[in-house]
Amino acid sequence: MIPEDRRDGPGADEESTQLQAAGSVRKGCDTLAAQTPCGRLQSRRARIHQQINKELRMRTGAENLYRATSNARVRETVALELSYVNSSLQLLKEELEELNCSVDTDMPDREGTTVPMIPLGLKETKELDWSTALKELISGHFGEDGASYETEIRELTNLRQAVRTPSRSESGLELLTAYYNQLCLLDARFVTPARSLGLLFQWYDSLTGVPAQQRALAFEKGSVLFNIGALHTQIGARQDRGCPTGTSRAAESFQRAAGAFNLLRQKFSRAPSPDMSPASLSMLEQLMAAQAQECVFEGLSLPVPTAPRDCLAQLHLAQEAAQVAAQYELVHQAMIQPPVCSYVPFSWTTLVHVKAKHFRSLAHYHAAVALCDSPPEAELLALEQVFLGPLPPSEPRGLMLPQEYEERRKLGKAHLKRAILGQEEALRLHALGRALRRVDLLQAVLGQALRCSLTRYSELDLEDDFFEATEAPDIQPKTHRTLEVRAPSFSRVKVADIFHRLGPLSVFSARNRWRLVGPVHVTRGEGGFGFTLRGDSPVLIAAVIPGGHAAAAGLQEGDYIVSVNGQPCKWWKHAEVVAQLKGVGDEGVSLQVVTLLPGTEPPSTGDRRPALRGLLRNQKECGWRTSVPVRASPRPLLGWGRKAKRDKTAGGLSPASQP
């Protein structure tokens, strides 16, 4: 398959060895990927880009000096230096093009020949130290001892390390999706519109290898989403499209890749790297949609013993091929437009152009076969629509297909002539690209199509045929299987919040301010404790009876109970808290509650912080309840403009109860 290979960042070999030695290799992580020859191309690309940037700076300085000076000798010297710089730039760009055109030879064995697909390389990243930023935030905002969260931070670090080299399989997709869901949970708990984590996320561009960096967690999420789409392209390109199952799986993979790029284009803005710009993502979406449509054509063209190739089947193939050609023509137009044309590999642009010519020729070939196979009268209308398209009954038809077989034979011969010319043009374009010339499979497909057209043309070419048919009309594109863009299904991979010990996200997040109250001692009266409870995790004090024991103790409506008699209960259900309170004797109960405060600034570090730290230490000593796996919703996506929940709503909560 063609162009973009899988790349791994600098130092990946050492990091993979460390992972294996630590025994932390996750399912779906391919630690050997960084040790392949393709994995070492990333550092070579980075070095070439550094040299290109150096030459560009020299050229800019020389151009400024050339414009600023009026000395003829100086201008002559600068002009000579500029010619050397431009020559060096040209050589470096050719070397970079040679790397970008590297062919991925890891293809499944196939009995037949199929046109190669374009897989997209994964974005690479460097190691990231979460420890300092998360510990400071946990200590400063949540009032916790950040050092007590070493295990959670290490788990997050290992997960990110694993997604740097995902396997090209469903396990790799699940690994990337699990990390994306964890990033959504991190965004909801630790990030506010006014404050980020303070970490610098650096990712290498998939198309150029140039590093880009941002301090926004959204850049990390966007890069992972990009890799989800890129991994779908690699899985689709590896499918054996010589059987119906393979073509269906490949089409679905390219559909999901297009959905990932579409989602990224809609939700992510201010991209710091070219591969995530709106123009690039739109081009990639069109490319994957075209490759999915190509898989549909391949599925229809597979030989089926029980279904003979009648005239109508040939017409369907002609229209499907025209549809594929039309989509590839749009992709080619998108690739040659600036700024995309400056960083898309030339081999991609050439291959897309070759495919557009190839499938346009196949459309004419199948139309010619349908014309020459003596279609019955009932199929003549369908045959006309292939050339004219469906027209309203009120509009007159400009072209009527000939009724005589001899005339249809001449028209079929004209279509074969267009097919031969198009296939020869595709072979010529194929020969222009150095990378494509090394792909024998592509040349075999193009040569086989040309031989079929020439054979059919020789069968129709009679010795006494002195009259050439008129120019063959275009084939109207039409698909009989409409493919829709499929967004990634994040909810199918369920994850547990790594930092669930901090408490439910509805309350304990960086978007909220709260005040810890307690321990508060409340005794039972004749009517109970004097408050009503509602909701789960944490349980909310829905109402406080005026003049009751709870009101006298200082409890207020809207407080969340976080501890009962020293036992942490942030994750307790409504029934568990009620049962604990009902079991209390006349001595009463000791409660700790938190009260949400208005505003989004972190709470002050006063006397309340040691109490909260002590509460969470008690939680660790008493044993923490395992949280139910959180189902991460794809709705927030990259986190732009989300609003924090200030309170739990009544929907879905247990009925209010009064202990």
# chains A, B, ... in the order shown; residues from 1 in each chain; ligands from 1

call {"tool": "select_by_dssp", "arguments": {"residues": "range 43-200 of chain A", "states": "helix (DSSP H, G or I)", "output": "JSON, numbers by chain"}}
result
{"A": [43, 44, 45, 46, 47, 48, 49, 50, 51, 52, 53, 54, 55, 56, 57, 58, 59, 60, 61, 62, 63, 64, 65, 66, 67, 68, 72, 73, 74, 75, 76, 77, 78, 79, 80, 81, 82, 83, 84, 85, 86, 87, 88, 89, 90, 91, 92, 93, 94, 95, 96, 97, 98, 99, 100, 131, 132, 133, 134, 135, 136, 137, 138, 139, 140, 146, 147, 148, 149, 150, 151, 152, 153, 154, 155, 156, 157, 158, 159, 160, 161, 162, 163, 170, 171, 172, 173, 174, 175, 176, 177, 178, 179, 180, 181, 182, 183, 184, 185, 186, 187, 188, 189, 190]}

call {"tool": "residues_around", "arguments": {"residues": "range 177-182 of chain A", "least_positions_apart": "3", "cutoff": "10 Å", "atoms": "only C-alpha atoms", "output": "number ranges by chain"}}
result
A: 156, 159-160, 162-163, 171-174, 185-188, 220-225, 227-228, 488-499, 630-634, 637-638

call {"tool": "atom_distance", "arguments": {"atom1": "CA of Leu65 in chain A", "atom2": "CA of Leu80 in chain A"}}
result
12.7 Å

call {"tool": "closest_residue", "arguments": {"among": "A:Ile475, A:Val589, A:Val354, A:Leu200", "to": "His549 in chain A", "atoms": "only C-alpha atoms"}}
result
A:Val589

call {"tool": "closest_residue", "arguments": {"among": "A:Ala260, A:Val369, A:Leu351, A:Val78", "to": "Gln443 in chain A", "atoms": "only C-alpha atoms"}}
result
A:Leu351

call {"tool": "closest_atom_pairs", "arguments": {"of": "range 426-521 of chain A", "to": "range 236-254 of chain A", "cutoff": "10 Å", "atoms": "only C-alpha atoms", "output": "Markdown table"}}
result
| residue | atom | partner | partner_atom | distance |
| --- | --- | --- | --- | --- |
| A:Leu483 | CA | A:Ala251 | CA | 8.7 |
| A:Glu484 | CA | A:Glu252 | CA | 9.6 |
| A:Val485 | CA | A:Phe254 | CA | 8.9 |
| A:Arg486 | CA | A:Glu252 | CA | 8.3 |

call {"tool": "write_last_selection", "arguments": {"atoms": "N, CA, C and O atoms", "output": "PDB file, in the first residue's frame"}}
result
ATOM      1  N   LEU A 483     -22.988   5.536   1.399  1.00  0.00           N
ATOM      2  CA  LEU A 483     -22.161   5.394   2.594  1.00  0.00           C
ATOM      3  C   LEU A 483     -22.253   6.662   3.430  1.00  0.00           C
ATOM      4  O   LEU A 483     -22.128   7.775   2.903  1.00  0.00           O
ATOM      5  N   GLU A 484     -22.463   6.496   4.708  1.00  0.00           N
ATOM      6  CA  GLU A 484     -22.537   7.625   5.624  1.00  0.00           C
ATOM      7  C   GLU A 484     -21.294   7.662   6.497  1.00  0.00           C
ATOM      8  O   GLU A 484     -20.723   6.626   6.837  1.00  0.00           O
ATOM      9  N   VAL A 485     -20.898   8.875   6.845  1.00  0.00           N
ATOM     10  CA  VAL A 485     -19.759   9.045   7.740  1.00  0.00           C
ATOM     11  C   VAL A 485     -20.142   8.546   9.127  1.00  0.00           C
ATOM     12  O   VAL A 485     -21.198   8.897   9.659  1.00  0.00           O
ATOM     13  N   ARG A 486     -19.306   7.700   9.711  1.00  0.00           N
ATOM     14  CA  ARG A 486     -19.585   7.127  11.022  1.00  0.00           C
ATOM     15  C   ARG A 486     -18.620   7.694  12.044  1.00  0.00           C
ATOM     16  O   ARG A 486     -17.411   7.505  11.942  1.00  0.00           O
TER      17      ARG A 486
END

call {"tool": "closest_residue", "arguments": {"among": "A:Gly198, A:Gly558, A:Pro598, A:Gly528", "to": "Arg215 in chain A", "atoms": "only C-alpha atoms"}}
result
A:Gly198

call {"tool": "residues_around", "arguments": {"residues": "Val522 in chain A", "least_positions_apart": "3", "cutoff": "7 Å", "atoms": "only C-alpha atoms", "output": "list in words"}}
result
Phe529, His549, Ala550, Ala553, Gly588, Val589 and Ser590 of chain A

call {"tool": "residues_around", "arguments": {"residues": "Asp275 in chain A", "least_positions_apart": "6", "cutoff": "8 Å", "atoms": "only C-alpha atoms", "output": "tab-separated table (two decimals) with C-alpha atoms, in the first residue's frame"}}
result
chain	number	residue	atom	x	y	z
A	205	ASP	CA	2.73	16.38	12.54
A	206	SER	CA	1.63	13.25	10.71
A	207	LEU	CA	2.33	14.66	7.24
A	281	LEU	CA	-9.08	17.45	7.80

call {"tool": "atom_distance", "arguments": {"atom1": "CA of Leu432 in chain A", "atom2": "CA of Phe346 in chain A"}}
result
10.7 Å

call {"tool": "residues_around", "arguments": {"residues": "Ala271 in chain A", "least_positions_apart": "3", "cutoff": "12 Å", "atoms": "only C-alpha atoms", "output": "list of chain:residue names"}}
result
A:Trp203, A:Asp205, A:Ala212, A:Gln213, A:Gln214, A:Ala216, A:Ala218, A:Phe219, A:Glu220, A:Lys221, A:Gly222, A:Ser223, A:Phe226, A:Leu264, A:Arg265, A:Gln266, A:Lys267, A:Phe268, A:Pro274, A:Asp275, A:Met276, A:Ser277, A:Pro278, A:Ala279, A:Ser280, A:Leu281
